[in-house]
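The file final_30.csv contains CSV, C-alpha atoms:
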```csv
chain,number,residue,atom,x,y,z
A,6,MET,CA,15.1,51.0,-61.5
A,7,SER,CA,16.9,50.4,-58.2
A,8,ALA,CA,19.0,47.3,-57.4
A,9,ARG,CA,16.3,45.7,-55.3
A,10,ASP,CA,14.0,45.7,-58.3
A,11,ALA,CA,16.5,43.7,-60.3
A,12,ILE,CA,15.2,40.4,-58.9
A,13,GLU,CA,11.6,39.7,-59.7
A,14,ILE,CA,9.9,38.8,-56.4
A,15,ASP,CA,6.2,38.3,-57.4
A,16,PRO,CA,5.1,35.6,-59.7
A,17,PRO,CA,4.3,36.5,-63.3
A,18,TYR,CA,0.6,36.8,-64.3
A,19,ASP,CA,1.0,34.2,-67.0
A,20,PHE,CA,2.3,30.9,-65.5
A,21,PRO,CA,1.4,27.9,-67.7
A,22,GLY,CA,2.0,25.4,-64.8
A,23,TYR,CA,-1.0,27.0,-63.1
A,24,LYS,CA,-3.8,26.4,-65.6
A,25,SER,CA,-6.2,29.0,-64.3
A,26,THR,CA,-3.8,31.8,-65.3
A,27,ALA,CA,-4.3,31.0,-69.0
A,28,LEU,CA,-7.5,33.1,-69.5
A,29,ARG,CA,-7.0,35.4,-66.6
A,30,ALA,CA,-3.5,36.8,-67.0
A,31,PRO,CA,-3.5,40.2,-68.6
A,32,LYS,CA,-1.5,40.3,-71.8
A,33,GLN,CA,-0.9,44.0,-72.1
A,34,PRO,CA,2.0,45.6,-70.2
A,35,LEU,CA,1.1,47.3,-66.9
A,36,ILE,CA,1.0,51.1,-67.2
A,37,ARG,CA,3.5,52.6,-64.9
A,38,VAL,CA,2.2,55.7,-63.2
A,39,ALA,CA,3.2,57.9,-60.2
A,40,PRO,CA,1.1,56.9,-57.2
A,41,HIS,CA,-2.2,58.7,-56.7
A,42,PRO,CA,-2.4,60.4,-53.2
A,43,LEU,CA,-4.7,57.7,-52.1
A,44,GLU,CA,-2.3,54.9,-53.0
A,45,ILE,CA,0.4,56.2,-50.7
A,46,ALA,CA,-2.1,56.5,-47.9
A,47,GLY,CA,-4.2,53.6,-46.6
A,48,PRO,CA,-7.5,52.8,-45.1
A,49,ALA,CA,-7.5,53.1,-41.3
A,50,PHE,CA,-9.1,50.2,-39.4
A,51,SER,CA,-10.1,50.7,-35.8
A,52,ARG,CA,-8.9,48.2,-33.3
A,53,SER,CA,-12.4,47.0,-32.7
A,54,PHE,CA,-12.6,45.8,-36.3
A,55,ALA,CA,-10.8,42.6,-35.2
A,56,LYS,CA,-12.1,41.1,-32.0
A,57,GLU,CA,-9.6,39.3,-29.7
A,58,SER,CA,-11.5,36.1,-30.2
A,59,GLU,CA,-10.8,36.2,-33.9
A,60,ALA,CA,-7.1,35.5,-33.3
A,61,ASP,CA,-8.0,32.0,-32.0
A,62,LEU,CA,-9.5,29.7,-34.6
A,63,THR,CA,-9.7,26.8,-32.1
A,64,THR,CA,-12.4,28.3,-29.9
A,65,TRP,CA,-15.0,28.9,-32.6
A,66,GLY,CA,-17.0,25.7,-32.2
A,67,LYS,CA,-18.4,23.8,-29.2
A,68,SER,CA,-15.2,21.9,-28.6
A,69,ALA,CA,-11.7,21.9,-29.9
A,70,PRO,CA,-11.2,21.2,-33.6
A,71,LEU,CA,-9.4,18.0,-34.8
A,72,GLY,CA,-5.7,18.4,-35.8
A,73,GLU,CA,-2.4,19.5,-34.7
A,74,LYS,CA,-2.8,22.6,-32.6
A,75,MET,CA,-0.3,25.4,-33.5
A,76,ILE,CA,0.6,28.9,-32.5
A,77,LEU,CA,1.6,31.2,-35.4
A,78,VAL,CA,3.5,34.3,-34.5
A,79,GLY,CA,5.4,36.8,-36.6
A,80,ARG,CA,6.0,40.4,-37.4
A,81,VAL,CA,4.9,42.5,-40.3
A,82,LEU,CA,7.7,44.7,-41.5
A,83,ASP,CA,8.4,46.8,-44.6
A,84,GLU,CA,11.5,46.4,-46.8
A,85,ASP,CA,13.3,49.0,-44.8
A,86,GLY,CA,12.8,46.9,-41.6
A,87,LYS,CA,10.3,49.2,-40.1
A,88,PRO,CA,7.4,47.5,-38.2
A,89,VAL,CA,4.0,47.8,-39.9
A,90,ARG,CA,1.8,48.7,-36.9
A,91,ASN,CA,-1.9,48.6,-36.5
A,92,SER,CA,-2.5,47.0,-39.8
A,93,LEU,CA,-5.2,44.5,-40.7
A,94,LEU,CA,-4.1,40.8,-41.2
A,95,GLU,CA,-6.7,38.3,-42.2
A,96,LEU,CA,-6.2,34.6,-42.5
A,97,TRP,CA,-8.1,31.6,-43.9
A,98,GLN,CA,-7.3,27.9,-44.3
A,99,CYS,CA,-8.7,24.4,-44.7
A,100,ASN,CA,-9.1,22.0,-41.7
A,101,ALA,CA,-6.7,19.3,-40.7
A,102,SER,CA,-8.3,16.9,-43.3
A,103,GLY,CA,-7.7,19.3,-46.1
A,104,ARG,CA,-11.3,20.5,-46.5
A,105,TYR,CA,-12.4,24.2,-46.5
A,106,ALA,CA,-15.6,25.2,-44.8
A,107,HIS,CA,-16.7,26.6,-48.2
A,108,PRO,CA,-19.5,25.5,-50.5
A,109,VAL,CA,-17.2,25.3,-53.6
A,110,ASP,CA,-14.9,22.8,-51.9
A,111,GLN,CA,-16.0,19.3,-53.1
A,112,HIS,CA,-12.9,17.4,-51.7
A,113,ASN,CA,-14.0,14.1,-50.3
A,114,ALA,CA,-12.6,14.8,-46.8
A,115,PRO,CA,-14.7,15.5,-43.7
A,116,LEU,CA,-15.7,18.9,-42.6
A,117,ASP,CA,-15.0,19.6,-38.9
A,118,PRO,CA,-18.0,21.2,-37.1
A,119,ASN,CA,-15.6,22.9,-34.8
A,120,PHE,CA,-13.4,24.6,-37.4
A,121,LEU,CA,-14.4,27.4,-39.7
A,122,GLY,CA,-10.8,28.4,-40.6
A,123,GLN,CA,-11.0,32.2,-40.6
A,124,GLY,CA,-9.3,34.8,-38.3
A,125,LYS,CA,-8.1,38.4,-38.2
A,126,VAL,CA,-6.0,40.6,-36.1
A,127,LEU,CA,-4.5,44.1,-36.1
A,128,THR,CA,-0.7,44.1,-35.7
A,129,GLY,CA,0.8,45.5,-32.5
A,130,ASP,CA,3.3,48.3,-32.0
A,131,ASN,CA,6.2,46.2,-33.2
A,132,GLY,CA,4.2,44.9,-36.1
A,133,GLU,CA,3.7,41.6,-34.2
A,134,TYR,CA,0.8,39.2,-34.5
A,135,ARG,CA,-0.3,35.9,-33.0
A,136,PHE,CA,-2.8,33.3,-34.1
A,137,VAL,CA,-3.9,30.1,-32.5
A,138,THR,CA,-5.0,27.5,-35.1
A,139,ILE,CA,-4.5,23.9,-36.3
A,140,LYS,CA,-2.2,22.8,-39.0
A,141,PRO,CA,-4.1,22.7,-42.3
A,142,GLY,CA,-4.0,19.4,-44.3
A,143,ALA,CA,-2.9,18.9,-47.9
A,144,TYR,CA,-5.6,18.5,-50.5
A,145,PRO,CA,-5.9,17.4,-54.1
A,146,TRP,CA,-6.8,19.8,-56.9
A,147,ARG,CA,-7.4,19.3,-60.6
A,148,ASN,CA,-4.6,21.4,-62.1
A,149,HIS,CA,-2.7,18.4,-63.4
A,150,PRO,CA,-2.6,14.6,-62.7
A,151,TRP,CA,-1.8,13.8,-59.1
A,152,ALA,CA,-1.9,17.4,-58.2
A,153,TRP,CA,-1.9,18.1,-54.4
A,154,ARG,CA,-1.6,21.5,-52.7
A,155,PRO,CA,1.0,21.5,-49.9
A,156,ALA,CA,-0.4,22.5,-46.5
A,157,HIS,CA,-0.8,26.3,-46.6
A,158,ILE,CA,-2.5,29.2,-44.8
A,159,HIS,CA,-3.8,32.1,-46.8
A,160,LEU,CA,-2.9,35.6,-45.5
A,161,SER,CA,-4.3,38.9,-46.6
A,162,LEU,CA,-2.5,42.1,-45.5
A,163,PHE,CA,-3.3,45.8,-45.8
A,164,GLY,CA,0.0,47.3,-44.5
A,165,ASN,CA,-0.2,51.0,-43.8
A,166,ALA,CA,-0.5,52.2,-47.4
A,167,TYR,CA,-2.8,51.0,-50.2
A,168,ALA,CA,0.4,50.3,-52.3
A,169,GLN,CA,1.3,47.6,-49.7
A,170,ARG,CA,-1.9,45.6,-50.0
A,171,ILE,CA,-1.0,41.9,-50.7
A,172,ILE,CA,-2.5,38.4,-50.5
A,173,THR,CA,-0.1,35.5,-50.1
A,174,GLN,CA,0.2,32.0,-48.8
A,175,MET,CA,2.3,30.6,-46.0
A,176,PHE,CA,3.8,27.1,-46.3
A,177,PHE,CA,5.4,24.6,-43.8
A,178,PRO,CA,9.1,23.6,-43.7
A,179,ALA,CA,10.2,20.3,-45.3
A,180,ASP,CA,6.9,19.7,-47.0
A,181,PRO,CA,7.5,17.1,-49.8
A,182,LEU,CA,4.7,18.6,-51.8
A,183,LEU,CA,6.5,22.0,-52.2
A,184,PRO,CA,8.6,21.0,-55.2
A,185,ILE,CA,5.6,19.9,-57.2
A,186,ASP,CA,3.3,22.8,-56.4
A,187,PRO,CA,3.0,25.2,-59.3
A,188,ILE,CA,1.6,28.0,-57.2
A,189,PHE,CA,4.6,28.0,-54.8
A,190,ASN,CA,7.0,27.6,-57.7
A,191,SER,CA,5.4,30.4,-59.7
A,192,VAL,CA,7.7,32.7,-57.6
A,193,PRO,CA,10.8,32.8,-59.8
A,194,ASP,CA,13.5,33.4,-57.2
A,195,PRO,CA,14.3,30.4,-55.0
A,196,GLU,CA,15.2,32.7,-52.0
A,197,ALA,CA,11.9,34.6,-52.4
A,198,ARG,CA,10.1,31.3,-52.4
A,199,GLN,CA,11.6,30.3,-49.1
A,200,ARG,CA,10.3,33.6,-47.6
A,201,MET,CA,6.8,32.0,-47.9
A,202,VAL,CA,7.8,29.1,-45.6
A,203,CYS,CA,7.4,29.5,-41.9
A,204,LYS,CA,10.0,28.3,-39.3
A,205,LEU,CA,9.4,25.9,-36.5
A,206,ASP,CA,9.8,28.0,-33.3
A,207,LEU,CA,8.9,25.6,-30.4
A,208,GLU,CA,9.1,28.1,-27.6
A,209,GLN,CA,6.4,30.2,-29.2
A,210,GLY,CA,4.1,27.2,-28.8
A,211,ILE,CA,2.5,25.9,-25.6
A,212,GLU,CA,4.3,23.2,-23.7
A,213,GLU,CA,2.5,19.9,-24.0
A,214,GLU,CA,-0.2,21.5,-26.0
A,215,ALA,CA,0.7,23.3,-29.3
A,216,LEU,CA,3.6,23.6,-31.7
A,217,GLY,CA,5.0,27.1,-32.4
A,218,TYR,CA,5.7,28.5,-35.8
A,219,ARG,CA,7.1,31.9,-36.8
A,220,PHE,CA,6.4,33.7,-40.0
A,221,ASP,CA,7.6,37.2,-40.6
A,222,ILE,CA,6.0,39.1,-43.5
A,223,VAL,CA,7.8,41.9,-45.5
A,224,LEU,CA,5.7,44.4,-47.4
A,225,ARG,CA,6.8,47.0,-49.9
A,226,GLY,CA,8.9,49.8,-48.4
A,227,ALA,CA,8.3,53.5,-48.8
A,228,LYS,CA,11.0,53.8,-51.5
A,229,SER,CA,10.3,50.7,-53.5
A,230,THR,CA,7.6,51.8,-55.8
A,231,PRO,CA,8.7,51.8,-59.5
A,232,THR,CA,8.6,55.6,-59.5
A,233,GLY,CA,10.6,55.8,-56.2
A,234,VAL,CA,8.0,57.4,-53.9
B,5,MET,CA,17.1,44.6,-49.6
B,6,GLY,CA,14.6,43.1,-52.0
B,7,ASN,CA,13.4,40.9,-49.1
B,8,ARG,CA,9.7,41.3,-49.7
B,9,THR,CA,7.3,38.4,-49.2
B,10,PRO,CA,5.9,37.4,-52.7
B,11,SER,CA,2.3,37.5,-53.7
B,12,GLN,CA,0.2,34.3,-54.2
B,13,THR,CA,-3.2,33.7,-55.6
B,14,ILE,CA,-6.3,34.2,-53.4
B,15,GLY,CA,-7.6,30.9,-54.7
B,16,PRO,CA,-11.2,29.9,-54.9
B,17,PHE,CA,-12.0,29.4,-51.2
B,18,PHE,CA,-11.8,33.0,-49.8
B,19,HIS,CA,-15.5,33.9,-49.5
B,20,VAL,CA,-16.0,32.7,-45.9
B,21,GLY,CA,-12.7,33.9,-44.6
B,22,LEU,CA,-12.7,37.3,-46.2
B,23,LYS,CA,-16.4,38.2,-45.8
B,24,TRP,CA,-17.1,41.7,-44.4
B,25,GLU,CA,-20.6,42.5,-43.2
B,26,ASP,CA,-21.9,45.1,-45.7
B,27,GLY,CA,-18.4,45.1,-47.3
B,28,GLU,CA,-19.8,46.6,-50.5
B,29,LYS,CA,-21.2,49.7,-48.8
B,30,VAL,CA,-18.5,52.3,-48.4
B,31,GLN,CA,-18.6,54.3,-45.2
B,32,PHE,CA,-17.6,58.0,-44.8
B,33,ALA,CA,-17.6,60.4,-42.0
B,34,GLY,CA,-19.8,62.9,-43.9
B,35,THR,CA,-22.4,62.9,-46.6
B,36,GLY,CA,-22.3,63.4,-50.4
B,37,GLU,CA,-23.8,62.4,-53.7
B,38,ARG,CA,-24.8,58.7,-53.5
B,39,VAL,CA,-23.6,56.6,-56.4
B,40,VAL,CA,-23.5,52.9,-57.3
B,41,LEU,CA,-20.6,51.4,-59.3
B,42,THR,CA,-21.4,48.1,-60.8
B,43,GLY,CA,-20.2,45.8,-63.6
B,44,CYS,CA,-18.9,42.4,-64.5
B,45,VAL,CA,-15.4,40.9,-64.5
B,46,TYR,CA,-14.6,38.7,-67.5
B,47,ASP,CA,-11.8,36.4,-68.5
B,48,GLY,CA,-10.0,36.3,-71.9
B,49,GLY,CA,-12.7,34.0,-73.3
B,50,GLY,CA,-15.5,36.4,-72.4
B,51,THR,CA,-16.7,34.2,-69.5
B,52,ALA,CA,-17.8,36.0,-66.3
B,53,ILE,CA,-15.5,35.4,-63.4
B,54,ALA,CA,-17.6,34.2,-60.4
B,55,ASP,CA,-14.8,34.1,-57.9
B,56,ALA,CA,-13.2,37.6,-58.0
B,57,LEU,CA,-12.7,39.8,-55.0
B,58,VAL,CA,-13.0,43.5,-55.9
B,59,GLU,CA,-11.8,46.1,-53.4
B,60,THR,CA,-12.1,49.9,-53.8
B,61,TRP,CA,-10.5,52.8,-52.1
B,62,GLN,CA,-11.3,56.4,-52.8
B,63,ALA,CA,-11.2,60.0,-51.8
B,64,ASP,CA,-14.1,61.4,-49.9
B,65,PRO,CA,-16.6,63.8,-51.6
B,66,SER,CA,-14.3,66.7,-51.0
B,67,GLY,CA,-11.3,65.0,-52.6
B,68,LYS,CA,-9.5,64.2,-49.3
B,69,VAL,CA,-8.0,60.9,-48.1
B,70,PRO,CA,-10.6,59.4,-45.7
B,71,GLY,CA,-9.1,59.4,-42.2
B,72,ALA,CA,-9.8,57.1,-39.3
B,73,GLY,CA,-13.1,57.6,-37.7
B,74,ALA,CA,-15.8,56.3,-35.4
B,75,ALA,CA,-16.9,53.7,-37.9
B,76,VAL,CA,-15.8,50.2,-37.1
B,77,ARG,CA,-14.7,49.6,-40.7
B,78,ALA,CA,-12.2,51.9,-42.4
B,79,TYR,CA,-13.7,54.9,-44.2
B,80,GLY,CA,-13.5,55.0,-48.0
B,81,TYR,CA,-12.8,51.3,-48.5
B,82,SER,CA,-15.0,48.5,-49.9
B,83,ARG,CA,-14.8,44.8,-50.5
B,84,ALA,CA,-17.2,43.1,-52.9
B,85,MET,CA,-17.3,39.5,-54.2
B,86,THR,CA,-18.5,38.8,-57.7
B,87,GLY,CA,-21.6,36.6,-58.1
B,88,SER,CA,-22.2,33.7,-60.5
B,89,ASP,CA,-22.8,36.3,-63.2
B,90,GLY,CA,-19.4,37.9,-62.5
B,91,ARG,CA,-21.1,41.0,-61.2
B,92,TYR,CA,-19.8,43.3,-58.4
B,93,THR,CA,-21.7,46.2,-57.0
B,94,ILE,CA,-20.5,49.0,-54.7
B,95,GLU,CA,-22.6,51.6,-53.0
B,96,THR,CA,-20.6,54.7,-52.3
B,97,LEU,CA,-20.4,58.5,-52.5
B,98,MET,CA,-19.0,60.4,-55.5
B,99,PRO,CA,-15.3,60.9,-54.9
B,100,GLY,CA,-14.0,64.5,-55.2
B,101,ALA,CA,-11.4,65.5,-57.7
B,102,CYS,CA,-8.0,66.0,-56.1
B,103,THR,CA,-4.5,67.4,-56.7
B,104,GLY,CA,-1.3,65.4,-56.3
B,105,ALA,CA,1.8,66.7,-54.5
B,106,GLY,CA,3.3,67.7,-57.8
B,107,GLY,CA,0.1,69.6,-58.9
B,108,GLU,CA,-1.3,66.7,-60.9
B,109,LYS,CA,-5.0,67.0,-61.5
B,110,TYR,CA,-6.8,63.8,-60.7
B,111,ALA,CA,-10.3,63.4,-62.1
B,112,PRO,CA,-13.0,61.9,-59.8
B,113,GLN,CA,-11.9,58.2,-59.6
B,114,ILE,CA,-11.9,55.1,-57.5
B,115,ASN,CA,-8.8,53.0,-57.0
B,116,VAL,CA,-9.5,49.3,-57.7
B,117,THR,CA,-7.7,46.1,-56.7
B,118,ILE,CA,-8.9,42.7,-58.0
B,119,PHE,CA,-7.9,39.3,-56.7
B,120,ALA,CA,-9.0,36.0,-58.2
B,121,ARG,CA,-8.2,32.4,-58.6
B,122,GLY,CA,-5.7,32.4,-61.6
B,123,LEU,CA,-4.3,35.7,-60.6
B,124,LEU,CA,-1.0,35.1,-58.9
B,125,LYS,CA,-0.9,38.7,-58.0
B,126,ALA,CA,-3.6,41.3,-57.9
B,127,VAL,CA,-4.5,43.6,-60.8
B,128,ARG,CA,-4.8,47.2,-59.9
B,129,THR,CA,-6.2,50.2,-61.7
B,130,ARG,CA,-8.4,53.3,-61.3
B,131,VAL,CA,-11.9,53.9,-62.7
B,132,PHE,CA,-13.1,57.3,-63.6
B,133,LEU,CA,-16.5,58.5,-62.6
B,134,ALA,CA,-16.5,61.3,-65.0
B,135,ALA,CA,-17.2,62.0,-68.7
B,136,ALA,CA,-14.2,61.3,-71.0
B,137,ASP,CA,-13.4,64.9,-71.6
B,138,ALA,CA,-13.3,65.6,-67.9
B,139,THR,CA,-10.5,63.1,-67.6
B,140,ARG,CA,-8.1,64.5,-70.2
B,141,ASP,CA,-5.7,66.1,-67.8
B,142,ASP,CA,-5.6,63.1,-65.4
B,143,PRO,CA,-2.2,61.5,-65.3
B,144,LEU,CA,-3.5,58.0,-65.8
B,145,ALA,CA,-5.8,58.9,-68.6
B,146,ARG,CA,-2.8,60.5,-70.4
B,147,ALA,CA,-0.5,57.6,-69.8
B,148,ALA,CA,-3.1,55.1,-70.9
B,149,GLY,CA,-3.6,56.9,-74.2
B,150,ALA,CA,-5.9,54.9,-76.5
B,151,ARG,CA,-6.7,52.4,-73.7
B,152,ALA,CA,-8.0,55.1,-71.3
B,153,GLY,CA,-11.5,54.3,-72.5
B,154,THR,CA,-11.4,51.0,-70.6
B,155,LEU,CA,-11.2,53.0,-67.4
B,156,ILE,CA,-14.1,55.3,-67.8
B,157,ALA,CA,-17.4,54.2,-66.2
B,158,SER,CA,-20.6,55.0,-68.1
B,159,GLN,CA,-23.4,56.8,-66.3
B,160,ASP,CA,-26.7,55.1,-66.7
B,161,ALA,CA,-29.0,57.2,-69.0
B,162,LYS,CA,-32.1,56.7,-66.7
B,163,ASP,CA,-30.7,56.4,-63.2
B,164,ARG,CA,-27.9,59.0,-63.1
B,165,SER,CA,-26.7,57.6,-59.8
B,166,VAL,CA,-25.6,54.3,-61.4
B,167,TRP,CA,-22.2,54.1,-63.1
B,168,ARG,CA,-21.3,50.9,-65.1
B,169,TRP,CA,-17.8,49.6,-65.5
B,170,ASP,CA,-16.8,46.1,-66.7
B,171,VAL,CA,-13.4,44.6,-66.3
B,172,ARG,CA,-11.7,42.5,-68.9
B,173,LEU,CA,-8.7,40.7,-67.6
B,174,GLN,CA,-7.5,39.7,-71.0
B,175,GLY,CA,-8.1,39.9,-74.7
B,176,LYS,CA,-10.1,42.5,-76.8
B,177,ASP,CA,-10.6,45.7,-74.8
B,178,GLU,CA,-8.4,44.4,-72.0
B,179,THR,CA,-8.7,46.8,-69.1
B,180,ALA,CA,-5.7,49.0,-68.6
B,181,PHE,CA,-4.0,47.8,-65.4
B,182,ILE,CA,-1.3,49.8,-63.6
B,183,ASP,CA,1.8,49.5,-61.5
B,184,PHE,CA,2.7,52.4,-59.2
```
Would you mind writing the file's structure down as structure tokens?
Amino acid sequence: MSARDAIEIDPPYDFPGYKSTALRAPKQPLIRVAPHPLEIAGPAFSRSFAKESEADLTTWGKSAPLGEKMILVGRVLDEDGKPVRNSLLELWQCNASGRYAHPVDQHNAPLDPNFLGQGKVLTGDNGEYRFVTIKPGAYPWRNHPWAWRPAHIHLSLFGNAYAQRIITQMFFPADPLLPIDPIFNSVPDPEARQRMVCKLDLEQGIEEEALGYRFDIVLRGAKSTPTGV
Amino acid sequence: MGNRTPSQTIGPFFHVGLKWEDGEKVQFAGTGERVVLTGCVYDGGGTAIADALVETWQADPSGKVPGAGAAVRAYGYSRAMTGSDGRYTIETLMPGACTGAGGEKYAPQINVTIFARGLLKAVRTRVFLAAADATRDDPLARAAGARAGTLIASQDAKDRSVWRWDVRLQGKDETAFIDF
């Protein structure tokens, strides 16, 4: 095991504070194996898989969605600092009122006919990406009394190798709900937790129109698999 | 170092945002033996999981890594969402056997990643589309030992193109999940 494996970065499967893990967390240890040739390669998405319009979540409806317009920029890198180019990044989120355009969401907050809350891009030559969206709202859930999820955006990444595939959530700075969110706090290392929080970056926004936020995402590096591939 | 972004759960609200048109139909550049992989995902109480995302990635029929091609979606990859009965179904071509860089003999298999509410990180494994005795030299079948049976799909007796494989996240006959 290398030094960088010494700190556990991902949450455990079994985390009692998040009730849904109780019956879904595997109890048997994971079987450690050398990567299959397919796992160190990855699916290749053509650039046409993500249309340019899919990077702007505010132009989906007939007019602008309600809420605080924001620009989200960042880079996707691996642990060795190399840009992860031409890789698929998908995003989904609730609207400014904290309601998802999703049939399962029963939260008593209004849907916004001008906001669907889904986007996708392929990263550029420096691993960079840019989305235009609105800041999602907080919403209540039934995990425990007075449970509210902090504002967050879901991100799904493919990287350049199947071993890099990950789904995560991005949170906002200084959110008072972060300390009480079991999902955010399921990440054991406080520094790793902070890597899920974006930074205000005003100049990435649009003057007199939209706030700018930066969120860089770091995927597994080529040497970081348990078997050292 | 060790500066990776942590995993978080997919949650229950991904179906709209992550939908792919015909996501459960795997595309390839060439042709091969058409097969269907289907089964249900269960929790530790034996209840079907209606909000799992099942993704598969596999070799082409000749055992090679599918490259980039003319298809809009990546070759060799699928995304399926379980229904209210916990069932996923993938239409694909039979993957070829392949050999690793160190000469490892991999039986015909499909690499699987499952995300769900309640999973703070994905579970990953490989399912064999082969009879048990054809998997004996496979590195994972060897490493899994007595649990290897949880990774072998069963070929339907009537429709030989259908392979059935259930996933149990927890409990009796828990599926063998891997880290690589």
### Task
Excluding region 109-126 of chain B and any residue of its chain fewer than 4 positions from it, enumerate the residues within 7 Å of it, using only C-alpha atoms, and give them as a PyMOL selection string.
(chain A and resi 16+18+25-26+29-30) or (chain B and resi 11-16+55-62+99-104+130-134+138-139+141-143)
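Distances here use all atoms listed in the file; by that measure, the residue among A:Phe20, A:Trp151, A:Phe50, A:Phe189 closest to chain B is A:Phe50.
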### Query
Just how far from CA of Val76 (chain B) is CA of Leu93 (chain A), in Å to one decimal?
12.6 Å
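With CA of Asp117 (chain A) on one side and CA of Gly21 (chain B) on the other, the separation reads 15.6 Å.
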### Message
Select, as number ranges by chain, those residues of chain A with any atom no more than 7 Å from chain B (distances computed using only C-alpha atoms).
### Response
A: 9-10, 14-16, 18, 25-26, 28-32, 35-43, 48-51, 53-54, 84, 96-97, 107, 123, 171-174, 197, 200-201, 222-225, 230-232
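Across the structure, CA of Thr96 (chain B) and CA of Arg168 (chain B) are spaced 13.4 Å apart.
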#### Entry: Counting only C-alpha atoms, the option among A:Ser68, A:Ser102, A:Gln111, A:Ser58 closest to Arg147 (chain A)
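Result for the nearest residue to Arg147 (chain A): A:Gln111.
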### Query
Taking only C-alpha atoms into account, which of A:Val109, A:Leu162, A:Ala168, A:Val89 comes nearest Asn131 (chain A)?
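Of A:Val109, A:Leu162, A:Ala168, A:Val89, the one nearest Asn131 (chain A), counting only C-alpha atoms, is A:Val89.
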### Message
Need to verify the contact set: Glu213 (chain A), 12 Å, only C-alpha atoms, exclusion of same-chain residues closer than 6 positions in sequence. Can you return it as JSON, numbers by chain?
### Response
{"A": [73, 74, 75, 207]}
### Task
Do a neighbour search on region 25-28 of chain B at 7 Å with all atoms listed in the file, toss out local chain neighbours closer than 3 positions, and write the hits as a ChimeraX atom specification.
/B:82-84,93-95
All heavy atoms restored at region 135-139 of chain B, emitted as a PDB file, in the frame of the given file:
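Listing of out-v2.pdb after writing:
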```pdb
ATOM      1  N   ALA B 135     -17.130  62.119 -67.211  1.00  0.00           N
ATOM      2  CA  ALA B 135     -17.200  62.000 -68.700  1.00  0.00           C
ATOM      3  C   ALA B 135     -15.748  62.052 -69.208  1.00  0.00           C
ATOM      4  O   ALA B 135     -14.835  62.595 -68.573  1.00  0.00           O
ATOM      5  CB  ALA B 135     -17.966  63.228 -69.220  1.00  0.00           C
ATOM      6  N   ALA B 136     -15.566  61.438 -70.390  1.00  0.00           N
ATOM      7  CA  ALA B 136     -14.200  61.300 -71.000  1.00  0.00           C
ATOM      8  C   ALA B 136     -13.486  62.614 -71.032  1.00  0.00           C
ATOM      9  O   ALA B 136     -12.298  62.701 -70.708  1.00  0.00           O
ATOM     10  CB  ALA B 136     -14.302  60.627 -72.329  1.00  0.00           C
ATOM     11  N   ASP B 137     -14.179  63.683 -71.443  1.00  0.00           N
ATOM     12  CA  ASP B 137     -13.400  64.900 -71.600  1.00  0.00           C
ATOM     13  C   ASP B 137     -13.063  65.592 -70.287  1.00  0.00           C
ATOM     14  O   ASP B 137     -12.208  66.466 -70.243  1.00  0.00           O
ATOM     15  CB  ASP B 137     -14.194  65.928 -72.543  1.00  0.00           C
ATOM     16  CG  ASP B 137     -15.614  66.158 -72.084  1.00  0.00           C
ATOM     17  OD1 ASP B 137     -16.018  65.545 -71.075  1.00  0.00           O
ATOM     18  OD2 ASP B 137     -16.324  66.955 -72.726  1.00  0.00           O
ATOM     19  N   ALA B 138     -13.661  65.111 -69.198  1.00  0.00           N
ATOM     20  CA  ALA B 138     -13.300  65.600 -67.900  1.00  0.00           C
ATOM     21  C   ALA B 138     -12.070  64.865 -67.309  1.00  0.00           C
ATOM     22  O   ALA B 138     -11.565  65.185 -66.235  1.00  0.00           O
ATOM     23  CB  ALA B 138     -14.450  65.514 -66.911  1.00  0.00           C
ATOM     24  N   THR B 139     -11.591  63.837 -68.047  1.00  0.00           N
ATOM     25  CA  THR B 139     -10.500  63.100 -67.600  1.00  0.00           C
ATOM     26  C   THR B 139      -9.166  63.401 -68.312  1.00  0.00           C
ATOM     27  O   THR B 139      -8.119  62.833 -68.029  1.00  0.00           O
ATOM     28  CB  THR B 139     -10.698  61.542 -67.710  1.00  0.00           C
ATOM     29  OG1 THR B 139     -10.737  61.229 -69.101  1.00  0.00           O
ATOM     30  CG2 THR B 139     -11.995  61.109 -67.045  1.00  0.00           C
TER      31      THR B 139
END
```
